[in-house]
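Asks: Next comes the structure file protein.cif, holding mmCIF, C-alpha atoms.
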```
data_target
loop_
_atom_site.label_atom_id
_atom_site.label_comp_id
_atom_site.auth_asym_id
_atom_site.auth_seq_id
_atom_site.Cartn_x
_atom_site.Cartn_y
_atom_site.Cartn_z
CA SER A 1 -11.27 5.21 -9.49
CA GLN A 2 -7.51 4.76 -9.29
CA GLN A 3 -5.41 7.89 -8.86
CA GLY A 4 -2.28 6.14 -10.08
CA GLU A 5 -2.07 3.77 -13.00
CA GLU A 6 1.08 1.82 -13.71
CA ASP A 7 2.27 0.84 -17.14
CA PRO A 8 3.05 -1.82 -18.21
CA GLN A 9 0.97 -4.22 -16.14
CA ALA A 10 3.65 -6.87 -16.54
CA LEU A 11 7.28 -6.78 -17.61
CA SER A 12 9.72 -9.63 -18.20
CA ILE A 13 13.43 -8.96 -18.70
CA GLN A 14 16.78 -10.72 -18.44
CA GLU A 15 19.13 -10.27 -15.51
CA GLY A 16 21.43 -7.31 -16.11
CA GLU A 17 18.92 -5.37 -18.19
CA ASN A 18 17.23 -2.19 -17.02
CA ALA A 19 13.56 -2.19 -16.06
CA THR A 20 11.39 0.88 -16.52
CA MET A 21 7.86 1.23 -15.23
CA ASN A 22 5.60 4.23 -15.46
CA CYS A 23 2.87 5.75 -13.36
CA SER A 24 0.27 8.28 -14.38
CA TYR A 25 -2.01 10.11 -11.98
CA LYS A 26 -4.95 12.48 -12.22
CA THR A 27 -4.85 15.18 -9.55
CA SER A 28 -2.15 17.40 -8.09
CA ILE A 29 0.14 15.78 -5.56
CA ASN A 30 2.42 16.62 -2.64
CA ASN A 31 4.64 13.66 -3.39
CA LEU A 32 4.72 10.34 -5.18
CA GLN A 33 6.10 7.15 -3.70
CA TRP A 34 7.10 3.76 -5.05
CA TYR A 35 6.59 0.55 -3.12
CA ARG A 36 7.65 -3.00 -3.80
CA GLN A 37 5.73 -6.18 -2.97
CA ASN A 38 7.21 -9.66 -3.05
CA SER A 39 4.68 -12.35 -3.87
CA GLY A 40 2.18 -12.83 -1.06
CA ARG A 41 3.87 -10.34 1.27
CA GLY A 42 3.29 -6.78 2.44
CA LEU A 43 4.51 -3.70 0.60
CA VAL A 44 7.85 -2.08 1.32
CA HIS A 45 8.58 1.59 0.73
CA LEU A 46 11.33 2.20 -1.83
CA ILE A 47 11.58 5.90 -2.59
CA LEU A 48 9.67 9.17 -2.32
CA ILE A 49 9.86 12.10 -4.71
CA ARG A 50 8.32 15.45 -3.81
CA SER A 51 6.32 17.57 -6.22
CA ASN A 52 9.12 20.14 -6.52
CA GLU A 53 11.71 17.49 -7.44
CA ARG A 54 12.31 16.15 -10.93
CA GLU A 55 14.64 13.24 -10.32
CA LYS A 56 15.84 11.17 -7.40
CA HIS A 57 18.28 8.31 -7.02
CA SER A 58 18.63 5.56 -4.46
CA GLY A 59 21.17 2.83 -5.20
CA ARG A 60 20.05 1.17 -8.45
CA LEU A 61 16.74 3.04 -8.42
CA ARG A 62 16.08 6.21 -10.35
CA VAL A 63 12.74 7.98 -10.13
CA THR A 64 11.60 10.88 -12.29
CA LEU A 65 8.56 13.06 -11.86
CA ASP A 66 6.90 15.27 -14.48
CA THR A 67 4.11 17.19 -12.79
CA SER A 68 3.08 18.88 -16.06
CA LYS A 69 2.32 15.45 -17.53
CA LYS A 70 1.21 14.01 -14.20
CA SER A 71 3.54 11.07 -14.61
CA SER A 72 6.46 9.34 -12.94
CA SER A 73 8.84 6.59 -13.91
CA LEU A 74 10.85 4.10 -11.89
CA LEU A 75 14.04 2.77 -13.43
CA ILE A 76 15.83 -0.22 -11.93
CA THR A 77 19.29 -0.54 -13.42
CA ALA A 78 21.26 -3.77 -13.81
CA SER A 79 18.31 -5.85 -12.62
CA ARG A 80 18.76 -9.02 -10.60
CA ALA A 81 16.53 -12.07 -10.15
CA ALA A 82 15.87 -10.80 -6.62
CA ASP A 83 14.18 -7.70 -8.10
CA THR A 84 11.29 -9.93 -9.21
CA ALA A 85 8.26 -8.41 -7.49
CA SER A 86 5.29 -6.13 -8.05
CA TYR A 87 5.92 -2.39 -7.97
CA PHE A 88 3.28 0.16 -7.02
CA CYS A 89 3.18 3.91 -7.21
CA ALA A 90 1.29 5.79 -4.53
CA THR A 91 0.29 9.44 -4.50
CA ASP A 92 -0.03 11.80 -1.57
CA THR A 93 -2.64 14.36 -2.54
CA GLY A 94 -2.98 15.98 0.89
CA ARG A 95 -5.69 13.58 1.86
CA ARG A 96 -4.61 11.63 4.93
CA ALA A 97 -4.20 8.35 3.05
CA LEU A 98 -2.08 7.42 0.04
CA THR A 99 -3.78 6.24 -3.14
CA PHE A 100 -2.18 3.27 -4.85
CA GLY A 101 -2.16 2.15 -8.46
CA SER A 102 -2.73 -1.38 -9.63
CA GLY A 103 0.97 -2.21 -9.95
CA THR A 104 3.51 -3.53 -12.44
CA ARG A 105 4.60 -7.18 -12.12
CA LEU A 106 8.30 -7.45 -12.88
CA GLN A 107 9.87 -10.81 -13.70
CA VAL A 108 13.66 -10.89 -13.97
CA GLN A 109 14.92 -14.04 -15.66
CA PRO A 110 18.27 -15.36 -14.42
CA ASP B 1 12.85 -0.96 12.32
CA VAL B 2 9.15 -0.34 12.09
CA LYS B 3 7.11 -3.40 12.81
CA VAL B 4 3.47 -3.79 11.83
CA THR B 5 2.08 -7.12 12.92
CA GLN B 6 -1.11 -8.65 11.61
CA SER B 7 -2.30 -11.33 13.96
CA SER B 8 -3.58 -13.82 11.41
CA ARG B 9 -1.82 -14.69 8.18
CA TYR B 10 -4.45 -17.07 6.80
CA LEU B 11 -8.10 -17.37 7.79
CA VAL B 12 -11.02 -19.37 6.47
CA LYS B 13 -14.45 -18.21 7.65
CA ARG B 14 -18.02 -19.12 6.81
CA THR B 15 -20.53 -16.78 5.21
CA GLY B 16 -22.31 -14.75 7.87
CA GLU B 17 -19.59 -15.07 10.50
CA LYS B 18 -18.22 -12.03 12.28
CA VAL B 19 -14.52 -11.67 11.51
CA PHE B 20 -11.88 -9.67 13.36
CA LEU B 21 -8.55 -8.79 11.78
CA GLU B 22 -6.07 -7.35 14.24
CA CYS B 23 -3.09 -5.11 13.58
CA VAL B 24 -0.48 -3.79 15.99
CA GLN B 25 2.34 -1.32 15.30
CA ASP B 26 5.28 -0.56 17.54
CA MET B 27 6.37 2.87 16.29
CA ASP B 28 3.86 5.13 18.04
CA HIS B 29 2.42 6.15 14.67
CA GLU B 30 -0.65 8.34 14.69
CA ASN B 31 -2.08 7.01 11.42
CA MET B 32 -3.21 3.47 10.74
CA PHE B 33 -4.86 2.06 7.64
CA TRP B 34 -6.65 -0.97 6.29
CA TYR B 35 -6.35 -1.73 2.59
CA ARG B 36 -7.76 -4.55 0.57
CA GLN B 37 -5.82 -6.03 -2.35
CA ASP B 38 -7.42 -7.91 -5.23
CA PRO B 39 -5.85 -9.02 -8.53
CA GLY B 40 -6.06 -6.30 -11.16
CA LEU B 41 -7.53 -3.78 -8.72
CA GLY B 42 -4.45 -2.87 -6.75
CA LEU B 43 -4.85 -1.64 -3.19
CA ARG B 44 -8.11 -0.05 -2.16
CA LEU B 45 -8.51 1.86 1.08
CA ILE B 46 -11.20 0.54 3.42
CA TYR B 47 -10.79 2.71 6.52
CA PHE B 48 -8.13 4.71 8.23
CA SER B 49 -7.61 6.20 11.66
CA TYR B 50 -5.61 9.30 12.55
CA ASP B 51 -5.96 9.07 16.31
CA VAL B 52 -7.39 6.87 19.04
CA LYS B 53 -11.14 6.45 18.59
CA MET B 54 -11.01 8.48 15.36
CA LYS B 55 -11.73 6.92 12.00
CA GLU B 56 -12.53 7.90 8.45
CA LYS B 57 -14.09 5.92 5.65
CA GLY B 58 -11.93 5.09 2.72
CA ASP B 59 -13.03 4.20 -0.78
CA ILE B 60 -14.75 0.87 -0.03
CA PRO B 61 -16.06 0.91 3.58
CA GLU B 62 -19.29 -0.98 2.92
CA GLY B 63 -19.49 -4.21 4.90
CA TYR B 64 -16.62 -3.25 7.20
CA SER B 65 -16.14 -1.40 10.46
CA VAL B 66 -13.03 -0.58 12.48
CA SER B 67 -11.98 -0.03 16.04
CA ARG B 68 -9.07 1.88 17.50
CA GLU B 69 -9.16 1.86 21.28
CA LYS B 70 -5.39 2.09 21.73
CA LYS B 71 -2.86 3.96 19.62
CA GLU B 72 -0.92 0.87 18.65
CA ARG B 73 -3.86 -1.32 17.66
CA PHE B 74 -6.30 -1.04 14.75
CA SER B 75 -8.90 -3.71 14.14
CA LEU B 76 -10.91 -4.41 11.02
CA ILE B 77 -14.30 -6.03 11.56
CA LEU B 78 -16.44 -7.81 9.01
CA GLU B 79 -19.84 -7.83 10.67
CA SER B 80 -21.24 -10.59 8.46
CA ALA B 81 -18.66 -12.06 6.13
CA SER B 82 -19.62 -12.63 2.52
CA THR B 83 -17.82 -14.48 -0.27
CA ASN B 84 -17.04 -11.22 -2.08
CA GLN B 85 -14.91 -10.24 0.90
CA THR B 86 -12.46 -13.03 0.12
CA SER B 87 -9.25 -11.09 -0.35
CA MET B 88 -5.88 -10.10 1.03
CA TYR B 89 -6.09 -7.46 3.74
CA LEU B 90 -3.15 -5.19 4.43
CA CYS B 91 -2.68 -3.07 7.52
CA ALA B 92 -0.29 -0.12 7.49
CA SER B 93 0.81 2.66 9.81
CA GLY B 94 2.60 5.96 9.41
CA ARG B 95 3.34 9.35 10.83
CA PRO B 96 1.46 12.22 9.17
CA GLY B 97 2.99 15.39 7.85
CA GLN B 98 5.26 16.88 5.25
CA LEU B 99 8.45 15.58 6.81
CA SER B 100 7.39 11.96 6.55
CA GLY B 101 5.60 12.53 3.26
CA ASN B 102 2.90 10.30 4.67
CA THR B 103 5.10 7.27 4.02
CA ILE B 104 3.49 4.16 5.44
CA TYR B 105 4.71 0.79 6.65
CA PHE B 106 2.84 -2.39 5.93
CA GLY B 107 2.23 -5.63 7.73
CA GLU B 108 2.62 -8.97 5.97
CA GLY B 109 -1.03 -9.23 5.06
CA SER B 110 -3.94 -11.45 6.06
CA TRP B 111 -5.40 -13.80 3.48
CA LEU B 112 -9.10 -14.22 4.19
CA THR B 113 -11.22 -16.83 2.45
CA VAL B 114 -14.97 -16.76 3.03
CA VAL B 115 -16.75 -19.99 2.11
#
```
Let me see whether you can do it: turn the structure in this file into structure tokens.
Replies:
Amino acid sequence: SQQGEEDPQALSIQEGENATMNCSYKTSINNLQWYRQNSGRGLVHLILIRSNEREKHSGRLRVTLDTSKKSSSLLITASRAADTASYFCATDTGRRALTFGSGTRLQVQP
Amino acid sequence: DVKVTQSSRYLVKRTGEKVFLECVQDMDHENMFWYRQDPGLGLRLIYFSYDVKMKEKGDIPEGYSVSREKKERFSLILESASTNQTSMYLCASGRPGQLSGNTIYFGEGSWLTVV
């Protein structure tokens, strides 16, 4: 079963709008990471938030983590057509390997 | 920059064939992984290795085996390919531990079609 589940499964917005995607997980974590995947390519690491952090920023990305609700959100501000991709959350539970969710497909219309 | 190279981008194999997917990383990472990606199912872990000659089963190891004879190379083997193994295979590597947060770096993927 998936540790992380993203919501929504698909999101379509206009350029300039903000995009928010959510991730829920089931067990306690050391950290939670977000990855991006362009169509047909490998995944690229975007940002990591540790279990003792509540919010983190990187450029136009803002990640929040609520360990009491076992959830995280990724906000992309002022989206661009180039942000069109799938976004995955991944949890580090202390097991050697990360567990990935099923992803959110983001389409940014020019 | 970390580079993870998967030797084959697209493969078409016949049912019953033995298939080798090769992956090489250039960052001296201890950990290497093989994931499988299918629509609607996300990434599922097949096997991973935390050292040369060491391996651990992931969530879906059935029908697969792996080999890690050198630190930089991790191979995924399909002993007898079946049509339900048609998928995209992703190799990744990373350095373990709290400092890295177990962040991993992916190759470009190998699209395998079994006919």
Asks: Considering all atoms listed in the file, state which residue in the set A:Leu46, A:Leu32, A:Leu61, A:Ile76 is at the smallest distance from A:Glu17.
Replies: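 Looking at the shortest contact to A:Glu17, the residue is A:Ile76.
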Asks: Could you list the residues in chain B lying within 6 Å of chain A, using only C-alpha atoms, and format the result as a ChimeraX atom specification?
Replies: /B:41-43,106-109
Asks: Stretch 96-105 of chain B, all listed atoms, 4 Å padding on each side: what axis-aligned box centre and edge lengths in Å to one decimal come out, as AutoDock Vina command-line options?
Replies:
```
--center_x 5.0 --center_y 8.8 --center_z 6.2 --size_x 15.0 --size_y 24.1 --size_z 13.9
```
Asks: Rounded to one decimal in Å, what is the spacing between atom CA of A:Asp7 and atom CA of B:Gly58?
Replies: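 So the two atoms, atom CA of A:Asp7 and atom CA of B:Gly58, lie 24.8 Å apart.
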Asks: Up to 12 Å from (8.8, 21.6, -7.4) in the file's coordinates: name the residues, counting all atoms listed in the file, as JSON, numbers by chain.
Replies: {"A": [28, 29, 30, 31, 49, 50, 51, 52, 53, 54, 55, 65, 66, 67, 68]}
Asks: What is the atom CA of A:Glu15 to atom CA of A:Ala81 distance in Å?
Replies: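 It comes out at 6.2 Å.
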Asks: Need to verify the contact set: A:Ser73, 8 Å, all atoms listed in the file, exclusion of same-chain residues closer than 6 positions in sequence. Can you return it as an MDAnalysis selection string?
Replies: chainID A and resid 20:23 63:65
Asks: I need the output of the PyMOL selection byres ((chain B and resi 32) around 10) for this file as a ChimeraX atom specification; which residues are they?
Replies: /A:97 /B:4,23-25,29-31,33-34,47-52,55,68,71-75,91-95,104-106
Asks: Hey, can you check how far atom CA of B:Arg9 sits from atom CA of B:Tyr89?
Replies: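 Rounded to one decimal, the two atoms are 9.5 Å apart.
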Asks: If the PyMOL selection byres ((chain A and resi 107) around 12) were run on this exact file, what residues would it hold? Put them as a PyMOL selection string.
Replies: chain A and resi 9-15+17-19+38-39+79-87+104-106+108-110
Asks: Which residues, named as in the file, does the PyMOL selection byres ((chain B and resi 85) around 8) pick out? Answer as a list in words.
Replies: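 Taken on the displayed file, the PyMOL selection byres ((chain B and resi 85) around 8) yields the residues Ala81, Ser82, Thr83, Asn84, Thr86, Ser87, Leu112, Thr113 and Val114 of chain B.
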Asks: Name the closest residue to A:Thr27 among the candidates A:Lys69, A:Leu75, A:Glu6, A:Lys56; distances are taken between atoms, counting all atoms listed in the file.
Replies: A:Lys69
Asks: Using only C-alpha atoms, which residue out of B:Gly101, B:Glu79, B:Ser110, B:Ile60 lies closest to B:Lys18?
Replies: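 The shortest atom-to-atom distance to B:Lys18 comes from B:Glu79.
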Asks: Please fill the gaps in stretch 49-69 of chain A so it has N, CA, C and O atoms, and write that as a PDB file, in the coordinates of the input.
Replies:
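Saved to selection.pdb:
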```pdb
ATOM      1  N   ILE A  49       9.442  10.913  -3.978  1.00  0.00           N
ATOM      2  CA  ILE A  49       9.860  12.100  -4.710  1.00  0.00           C
ATOM      3  C   ILE A  49       8.805  13.182  -4.494  1.00  0.00           C
ATOM      4  O   ILE A  49       7.597  12.934  -4.633  1.00  0.00           O
ATOM      5  N   ARG A  50       9.236  14.361  -4.112  1.00  0.00           N
ATOM      6  CA  ARG A  50       8.320  15.450  -3.810  1.00  0.00           C
ATOM      7  C   ARG A  50       7.940  16.191  -5.085  1.00  0.00           C
ATOM      8  O   ARG A  50       8.661  16.133  -6.087  1.00  0.00           O
ATOM      9  N   SER A  51       6.858  16.931  -5.011  1.00  0.00           N
ATOM     10  CA  SER A  51       6.320  17.570  -6.220  1.00  0.00           C
ATOM     11  C   SER A  51       7.258  18.617  -6.810  1.00  0.00           C
ATOM     12  O   SER A  51       7.168  18.935  -7.999  1.00  0.00           O
ATOM     13  N   ASN A  52       8.179  19.141  -5.994  1.00  0.00           N
ATOM     14  CA  ASN A  52       9.120  20.140  -6.520  1.00  0.00           C
ATOM     15  C   ASN A  52      10.448  19.513  -6.959  1.00  0.00           C
ATOM     16  O   ASN A  52      11.391  20.229  -7.301  1.00  0.00           O
ATOM     17  N   GLU A  53      10.521  18.200  -6.972  1.00  0.00           N
ATOM     18  CA  GLU A  53      11.710  17.490  -7.440  1.00  0.00           C
ATOM     19  C   GLU A  53      11.443  16.872  -8.805  1.00  0.00           C
ATOM     20  O   GLU A  53      10.307  16.484  -9.110  1.00  0.00           O
ATOM     21  N   ARG A  54      12.469  16.725  -9.583  1.00  0.00           N
ATOM     22  CA  ARG A  54      12.310  16.150 -10.930  1.00  0.00           C
ATOM     23  C   ARG A  54      12.928  14.766 -11.024  1.00  0.00           C
ATOM     24  O   ARG A  54      12.503  13.948 -11.848  1.00  0.00           O
ATOM     25  N   GLU A  55      13.947  14.530 -10.227  1.00  0.00           N
ATOM     26  CA  GLU A  55      14.640  13.240 -10.320  1.00  0.00           C
ATOM     27  C   GLU A  55      15.235  12.913  -8.951  1.00  0.00           C
ATOM     28  O   GLU A  55      15.658  13.812  -8.211  1.00  0.00           O
ATOM     29  N   LYS A  56      15.254  11.610  -8.660  1.00  0.00           N
ATOM     30  CA  LYS A  56      15.840  11.170  -7.400  1.00  0.00           C
ATOM     31  C   LYS A  56      16.463   9.803  -7.595  1.00  0.00           C
ATOM     32  O   LYS A  56      15.961   8.985  -8.382  1.00  0.00           O
ATOM     33  N   HIS A  57      17.575   9.573  -6.894  1.00  0.00           N
ATOM     34  CA  HIS A  57      18.280   8.310  -7.020  1.00  0.00           C
ATOM     35  C   HIS A  57      18.393   7.654  -5.650  1.00  0.00           C
ATOM     36  O   HIS A  57      18.540   8.331  -4.625  1.00  0.00           O
ATOM     37  N   SER A  58      18.349   6.318  -5.661  1.00  0.00           N
ATOM     38  CA  SER A  58      18.630   5.560  -4.460  1.00  0.00           C
ATOM     39  C   SER A  58      19.207   4.221  -4.891  1.00  0.00           C
ATOM     40  O   SER A  58      18.481   3.357  -5.382  1.00  0.00           O
ATOM     41  N   GLY A  59      20.519   4.072  -4.752  1.00  0.00           N
ATOM     42  CA  GLY A  59      21.170   2.830  -5.200  1.00  0.00           C
ATOM     43  C   GLY A  59      20.932   2.603  -6.687  1.00  0.00           C
ATOM     44  O   GLY A  59      21.239   3.459  -7.515  1.00  0.00           O
ATOM     45  N   ARG A  60      20.333   1.483  -7.031  1.00  0.00           N
ATOM     46  CA  ARG A  60      20.050   1.170  -8.450  1.00  0.00           C
ATOM     47  C   ARG A  60      18.701   1.716  -8.918  1.00  0.00           C
ATOM     48  O   ARG A  60      18.270   1.447 -10.040  1.00  0.00           O
ATOM     49  N   LEU A  61      18.047   2.469  -8.071  1.00  0.00           N
ATOM     50  CA  LEU A  61      16.740   3.040  -8.420  1.00  0.00           C
ATOM     51  C   LEU A  61      16.894   4.477  -8.858  1.00  0.00           C
ATOM     52  O   LEU A  61      17.637   5.260  -8.254  1.00  0.00           O
ATOM     53  N   ARG A  62      16.148   4.812  -9.918  1.00  0.00           N
ATOM     54  CA  ARG A  62      16.080   6.210 -10.350  1.00  0.00           C
ATOM     55  C   ARG A  62      14.615   6.523 -10.603  1.00  0.00           C
ATOM     56  O   ARG A  62      13.935   5.818 -11.354  1.00  0.00           O
ATOM     57  N   VAL A  63      14.133   7.570  -9.973  1.00  0.00           N
ATOM     58  CA  VAL A  63      12.740   7.980 -10.130  1.00  0.00           C
ATOM     59  C   VAL A  63      12.708   9.364 -10.749  1.00  0.00           C
ATOM     60  O   VAL A  63      13.496  10.241 -10.373  1.00  0.00           O
ATOM     61  N   THR A  64      11.825   9.548 -11.720  1.00  0.00           N
ATOM     62  CA  THR A  64      11.600  10.880 -12.290  1.00  0.00           C
ATOM     63  C   THR A  64      10.142  11.257 -12.068  1.00  0.00           C
ATOM     64  O   THR A  64       9.265  10.395 -11.926  1.00  0.00           O
ATOM     65  N   LEU A  65       9.908  12.543 -12.042  1.00  0.00           N
ATOM     66  CA  LEU A  65       8.560  13.060 -11.860  1.00  0.00           C
ATOM     67  C   LEU A  65       8.350  14.231 -12.814  1.00  0.00           C
ATOM     68  O   LEU A  65       9.166  15.152 -12.855  1.00  0.00           O
ATOM     69  N   ASP A  66       7.286  14.170 -13.578  1.00  0.00           N
ATOM     70  CA  ASP A  66       6.900  15.270 -14.480  1.00  0.00           C
ATOM     71  C   ASP A  66       5.502  15.709 -14.082  1.00  0.00           C
ATOM     72  O   ASP A  66       4.517  15.087 -14.478  1.00  0.00           O
ATOM     73  N   THR A  67       5.419  16.767 -13.291  1.00  0.00           N
ATOM     74  CA  THR A  67       4.110  17.190 -12.790  1.00  0.00           C
ATOM     75  C   THR A  67       3.250  17.793 -13.897  1.00  0.00           C
ATOM     76  O   THR A  67       2.024  17.774 -13.798  1.00  0.00           O
ATOM     77  N   SER A  68       3.873  18.323 -14.955  1.00  0.00           N
ATOM     78  CA  SER A  68       3.080  18.880 -16.060  1.00  0.00           C
ATOM     79  C   SER A  68       2.343  17.779 -16.808  1.00  0.00           C
ATOM     80  O   SER A  68       1.243  17.985 -17.317  1.00  0.00           O
ATOM     81  N   LYS A  69       2.949  16.594 -16.863  1.00  0.00           N
ATOM     82  CA  LYS A  69       2.320  15.450 -17.530  1.00  0.00           C
ATOM     83  C   LYS A  69       1.636  14.522 -16.523  1.00  0.00           C
ATOM     84  O   LYS A  69       1.033  13.523 -16.914  1.00  0.00           O
TER      85      LYS A  69
END
```
